[in-house]
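J.: Okay, so here is coords_39.csv, and as you'll see once you scroll down, it has CSV, C-alpha atoms.
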```csv
chain,number,residue,atom,x,y,z
A,20,MET,CA,63.0,-45.2,-97.0
A,21,ALA,CA,59.7,-43.4,-96.5
A,22,PHE,CA,56.5,-45.0,-95.4
A,23,SER,CA,53.1,-43.6,-96.1
A,24,LEU,CA,50.2,-43.9,-93.6
A,25,GLU,CA,48.6,-46.4,-96.0
A,26,ASP,CA,51.7,-48.6,-96.0
A,27,ILE,CA,51.7,-48.6,-92.2
A,28,GLN,CA,48.0,-49.5,-92.0
A,29,GLU,CA,48.5,-52.3,-94.5
A,30,SER,CA,51.5,-53.7,-92.7
A,31,LEU,CA,49.4,-53.8,-89.4
A,32,GLN,CA,46.5,-55.5,-91.1
A,33,ASN,CA,48.7,-58.1,-92.7
A,34,PHE,CA,50.6,-58.8,-89.4
A,35,ASP,CA,49.8,-62.0,-87.7
A,36,PRO,CA,49.7,-61.5,-83.8
A,37,GLU,CA,51.0,-65.1,-83.5
A,38,GLN,CA,54.4,-63.8,-84.7
A,39,LEU,CA,54.7,-62.0,-81.3
A,40,ASN,CA,55.4,-65.4,-79.7
A,41,ASP,CA,58.4,-65.9,-82.0
A,42,ILE,CA,61.1,-63.6,-80.5
A,43,ASP,CA,63.6,-64.8,-83.1
A,44,ALA,CA,61.4,-63.3,-85.8
A,45,VAL,CA,61.6,-59.8,-84.5
A,46,GLY,CA,63.6,-58.7,-87.5
A,47,SER,CA,60.7,-59.6,-89.8
A,48,TRP,CA,58.1,-57.7,-87.8
A,49,PRO,CA,56.7,-54.6,-89.5
A,50,LEU,CA,58.2,-51.2,-88.4
A,51,ALA,CA,54.8,-50.0,-87.1
A,52,VAL,CA,54.7,-53.1,-84.8
A,53,LYS,CA,58.2,-52.5,-83.6
A,54,ILE,CA,57.4,-48.9,-82.8
A,55,ILE,CA,54.2,-49.9,-80.8
A,56,ILE,CA,56.2,-52.5,-78.9
A,57,TRP,CA,58.9,-50.0,-78.0
A,58,LEU,CA,56.3,-47.4,-77.0
A,59,ILE,CA,54.6,-49.9,-74.7
A,60,PHE,CA,57.9,-50.9,-73.2
A,61,PHE,CA,58.9,-47.3,-72.7
A,62,ILE,CA,55.6,-46.4,-71.0
A,63,GLY,CA,56.0,-49.5,-68.8
A,64,VAL,CA,59.5,-48.5,-67.8
A,65,LEU,CA,58.3,-44.9,-67.0
A,66,ALA,CA,55.4,-46.2,-64.9
A,67,LEU,CA,57.6,-48.6,-63.0
A,68,GLY,CA,60.1,-45.9,-62.4
A,69,TYR,CA,57.4,-43.6,-61.1
A,70,PHE,CA,56.0,-46.1,-58.6
A,71,LEU,CA,59.4,-47.3,-57.5
A,72,PHE,CA,61.2,-44.1,-57.3
A,73,ILE,CA,59.2,-40.9,-57.8
A,74,ASN,CA,56.3,-42.1,-55.6
A,75,ASN,CA,58.6,-42.9,-52.8
A,76,GLU,CA,60.4,-39.6,-53.2
A,77,GLN,CA,57.1,-37.8,-53.0
A,78,ALA,CA,56.1,-39.6,-49.8
A,79,GLU,CA,59.5,-38.7,-48.3
A,80,LEU,CA,59.1,-35.1,-49.4
A,81,ALA,CA,55.6,-34.9,-47.8
A,82,LYS,CA,57.1,-36.4,-44.5
A,83,VAL,CA,60.0,-33.8,-44.6
A,84,GLN,CA,57.5,-31.0,-45.2
A,85,THR,CA,55.3,-32.1,-42.3
A,86,ALA,CA,58.4,-32.2,-40.1
A,87,GLU,CA,59.4,-28.7,-41.3
A,88,GLN,CA,56.0,-27.3,-40.4
A,89,ASN,CA,56.2,-29.0,-36.9
A,90,LEU,CA,59.7,-27.6,-36.3
A,91,ARG,CA,58.6,-24.1,-37.5
A,92,ALA,CA,55.6,-24.2,-35.1
A,93,ASP,CA,57.8,-25.3,-32.2
A,94,TYR,CA,60.3,-22.6,-33.0
A,95,GLU,CA,57.6,-19.9,-33.1
A,96,ASN,CA,56.2,-21.2,-29.8
A,97,LYS,CA,59.6,-21.2,-28.1
A,98,TYR,CA,60.4,-17.8,-29.6
A,99,PHE,CA,57.2,-16.4,-28.3
A,100,GLN,CA,57.9,-17.8,-24.8
A,101,ALA,CA,61.5,-16.4,-24.9
A,102,VAL,CA,60.3,-12.9,-25.9
A,103,HIS,CA,57.6,-12.9,-23.1
A,104,LEU,CA,59.6,-14.8,-20.5
A,105,GLU,CA,60.0,-11.8,-18.2
A,106,ALA,CA,56.3,-11.1,-18.4
A,107,PHE,CA,55.5,-14.7,-17.6
A,108,ARG,CA,57.8,-14.6,-14.6
A,109,LYS,CA,56.2,-11.4,-13.3
A,110,GLN,CA,52.7,-12.9,-13.8
A,111,GLN,CA,53.8,-16.1,-12.0
A,112,ILE,CA,55.0,-14.0,-9.0
A,113,GLU,CA,51.7,-12.1,-9.0
A,114,MET,CA,49.7,-15.3,-9.1
A,115,GLU,CA,51.8,-16.8,-6.2
A,116,GLU,CA,51.2,-13.6,-4.2
A,117,SER,CA,47.5,-13.7,-4.9
A,118,PHE,CA,47.4,-17.4,-3.9
A,119,GLN,CA,49.2,-16.7,-0.6
A,120,ALA,CA,46.8,-13.8,0.1
A,121,ILE,CA,43.8,-16.2,-0.4
A,122,ILE,CA,45.5,-18.8,1.8
A,123,ARG,CA,45.9,-16.2,4.6
A,124,GLN,CA,42.2,-15.6,4.5
A,125,LEU,CA,41.5,-19.3,5.2
A,126,PRO,CA,41.5,-20.0,8.9
A,127,VAL,CA,43.6,-22.7,10.5
A,128,ASP,CA,42.1,-25.1,13.1
A,129,THR,CA,43.2,-22.9,16.0
A,130,GLU,CA,41.3,-19.9,14.5
A,131,ILE,CA,38.0,-21.6,14.2
A,132,PRO,CA,36.8,-20.7,17.7
A,133,GLY,CA,37.8,-17.1,17.0
A,134,LEU,CA,35.8,-17.2,13.8
A,135,ILE,CA,32.7,-18.5,15.7
A,136,GLU,CA,33.1,-15.6,18.2
A,137,ASP,CA,33.2,-13.1,15.3
A,138,ILE,CA,30.0,-14.6,13.8
A,139,THR,CA,28.4,-14.5,17.2
A,140,LEU,CA,29.4,-10.9,17.8
A,141,VAL,CA,28.1,-9.9,14.3
A,142,GLY,CA,24.7,-11.5,15.2
A,143,LEU,CA,24.5,-9.8,18.6
A,144,GLU,CA,25.4,-6.4,17.0
A,145,ASN,CA,22.5,-6.9,14.7
A,146,GLY,CA,20.1,-7.6,17.5
A,147,LEU,CA,19.7,-11.4,16.9
A,148,THR,CA,19.2,-14.1,19.4
A,149,PHE,CA,21.2,-17.3,18.9
A,150,THR,CA,19.5,-20.6,19.4
A,151,SER,CA,22.6,-22.6,18.4
A,152,ILE,CA,25.8,-22.4,16.5
A,153,ASP,CA,27.4,-25.8,15.9
A,154,LEU,CA,30.4,-27.1,14.0
A,155,GLN,CA,29.6,-29.9,11.6
A,156,ALA,CA,31.9,-32.7,10.3
A,157,GLU,CA,34.5,-31.3,8.0
A,158,VAL,CA,34.5,-32.3,4.3
A,159,ARG,CA,37.8,-32.9,2.6
A,160,HIS,CA,38.5,-32.0,-1.0
A,161,GLU,CA,41.7,-32.3,-3.1
A,162,PHE,CA,43.1,-28.8,-2.3
A,163,TYR,CA,41.0,-27.6,0.6
A,164,ILE,CA,39.0,-28.7,3.6
A,165,GLU,CA,35.5,-27.4,4.1
A,166,LYS,CA,34.3,-26.7,7.7
A,167,PRO,CA,30.5,-26.2,7.9
A,168,ILE,CA,28.9,-24.3,10.8
A,169,LYS,CA,25.2,-24.6,11.4
A,170,ILE,CA,23.6,-21.5,12.7
A,171,ILE,CA,20.1,-21.0,14.1
A,172,VAL,CA,19.1,-17.4,15.0
A,173,ASN,CA,16.0,-15.3,15.7
A,174,GLY,CA,15.4,-11.7,14.7
A,175,SER,CA,13.6,-9.4,12.4
A,176,TYR,CA,13.8,-9.7,8.6
A,177,HIS,CA,16.0,-6.5,8.4
A,178,ASP,CA,18.3,-7.7,11.1
A,179,LEU,CA,18.7,-11.1,9.5
A,180,GLY,CA,19.6,-9.5,6.2
A,181,SER,CA,22.2,-7.3,7.9
A,182,PHE,CA,23.6,-10.3,9.7
A,183,VAL,CA,24.1,-12.2,6.4
A,184,SER,CA,25.7,-9.2,4.8
A,185,ASP,CA,28.1,-8.6,7.7
A,186,VAL,CA,29.1,-12.3,7.9
A,187,ALA,CA,30.0,-12.3,4.2
A,188,ASP,CA,32.2,-9.2,4.8
A,189,LEU,CA,34.3,-10.8,7.5
A,190,SER,CA,38.1,-10.8,6.8
A,191,ARG,CA,38.1,-14.6,6.7
A,192,ILE,CA,36.4,-16.4,3.8
A,193,VAL,CA,32.9,-17.5,4.9
A,194,THR,CA,30.2,-18.6,2.5
A,195,LEU,CA,26.5,-19.0,3.4
A,196,HIS,CA,24.3,-21.8,2.1
A,197,ASP,CA,20.9,-23.6,2.5
A,198,PHE,CA,19.1,-21.0,4.6
A,199,THR,CA,15.5,-21.3,5.6
A,200,ILE,CA,13.4,-18.6,7.3
A,201,VAL,CA,10.1,-19.3,9.2
A,202,PRO,CA,8.1,-17.4,11.8
A,203,ALA,CA,9.7,-17.8,15.2
A,204,ARG,CA,7.6,-19.6,17.8
A,205,SER,CA,7.5,-19.3,21.5
A,206,VAL,CA,9.1,-22.3,23.0
A,207,THR,CA,6.8,-22.4,26.0
A,208,ARG,CA,3.5,-21.3,24.5
A,209,GLY,CA,3.9,-22.3,20.8
A,210,GLN,CA,2.7,-18.8,19.7
A,211,ASP,CA,4.2,-16.2,17.3
A,212,SER,CA,7.1,-14.5,19.0
A,213,GLY,CA,6.4,-10.8,18.3
A,214,GLY,CA,6.7,-11.1,14.5
A,215,LEU,CA,10.3,-12.3,14.7
A,216,LEU,CA,11.7,-14.8,12.3
A,217,ARG,CA,13.8,-17.9,12.8
A,218,MET,CA,16.6,-18.5,10.3
A,219,GLU,CA,18.6,-21.7,9.9
A,220,ILE,CA,21.7,-21.2,7.7
A,221,LEU,CA,24.8,-23.2,7.0
A,222,ALA,CA,28.0,-21.2,7.0
A,223,LYS,CA,31.1,-22.7,5.4
A,224,THR,CA,34.7,-21.7,6.0
A,225,TYR,CA,37.7,-23.3,4.4
A,226,ARG,CA,41.4,-24.1,5.0
A,227,TYR,CA,44.1,-25.2,2.7
A,228,ASN,CA,44.6,-29.0,2.6
A,229,ASP,CA,48.3,-29.4,3.1
A,230,GLU,CA,48.0,-32.9,4.5
A,231,PRO,CA,49.3,-35.8,2.4
A,232,GLU,CA,46.8,-38.4,1.3
```
Take the structure from the file and write it as structure tokens.
T.:
Amino acid sequence: MAFSLEDIQESLQNFDPEQLNDIDAVGSWPLAVKIIIWLIFFIGVLALGYFLFINNEQAELAKVQTAEQNLRADYENKYFQAVHLEAFRKQQIEMEESFQAIIRQLPVDTEIPGLIEDITLVGLENGLTFTSIDLQAEVRHEFYIEKPIKIIVNGSYHDLGSFVSDVADLSRIVTLHDFTIVPARSVTRGQDSGGLLRMEILAKTYRYNDEPE
């Protein structure tokens, strides 16, 4: 039996929505109403299936893809390390040797008097006169111990510059800080001492802190 578009429109116009409450009268509903009801039911089933199954599957797929990317990145990192393992080992040995060389440049406590003698000798060779050279309280850091030495010397500007340069070139690590230079004064007369300068400078040497906290 064929139905024209006009027949379908007429059946919908003549249909009483109250009949939807009477399930037993389904057989008397117009065909167009039945088709609409089935379409709504079908779309509802598809939507429910999507949210209950497909949506969950998509979330699981996204999780698996993220895990795959992480595993791939981890694999590439470990592969890189494996390929360059020998180079890393060689570099580690070189770093350890460099570290030990630096450690050997740091004086131990028993070498501090010898270091002071070296500084004094450098000053005398540059024609300086020492007023004082005193050890200060050591300063402890996490990996090293700092041992300051306060130095006061008199000499010409050129000789003072040579002294600073020679101290910096000592075989042991010595750094120079907080220096001041003023005209030297005669202790007895309070007059300029022949154009000489008085320099106060703080030298710092270091040793490795191998003592437990």
J.: Show me, as a PyMOL selection string, the residues that have an atom within 8 Å of Ile200 (chain A) when counting only C-alpha atoms, minus same-chain residues fewer than 2 positions from it.
T.: chain A and resi 198+202+216-219
J.: Using only C-alpha atoms, which protein or nucleic acid residues come within 12 Å of Leu189 (chain A)? Drop anything in the same chain fewer than 5 positions from it, and give the result as a list in words.
T.: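 Answer for this query is Gln124, Leu125, Pro126, Gly133, Leu134, Ile135, Glu136, Asp137, Ile138, Thr139, Leu140, Val141, Phe182, Val183, Ser184, Thr194 and Thr224 of chain A.
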J.: Could you state the separation of CA of Phe149 (chain A) and CA of Tyr163 (chain A) in Å, given to one decimal place?
T.: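 Computing the Euclidean distance for CA of Phe149 (chain A) and CA of Tyr163 (chain A) yields 28.9 Å.
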J.: CA of Arg191 (chain A) and CA of Glu130 (chain A), how far apart in Å?
T.: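 These two atoms are separated by 10.0 Å.
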J.: Counting only C-alpha atoms, find residues at most 12 Å from (14.6, -5.4, 7.7) (file frame) and give them as a PyMOL selection string.
T.: chain A and resi 145-146+174-183+214-216
J.: Mind giving me the straight-line distance from CA of Ile54 (chain A) to CA of Gly68 (chain A) in Å, one decimal?
T.: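 Atom-to-atom, CA of Ile54 (chain A) to CA of Gly68 (chain A), that is 20.8 Å.
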J.: Would you mind telling me which residue in A:Ala106, A:Ile62, A:Ala81, A:Ile121 lies nearest to Ile192 (chain A) when using only C-alpha atoms?
T.: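 For Ile192 (chain A), the nearest of the candidates is A:Ile121.
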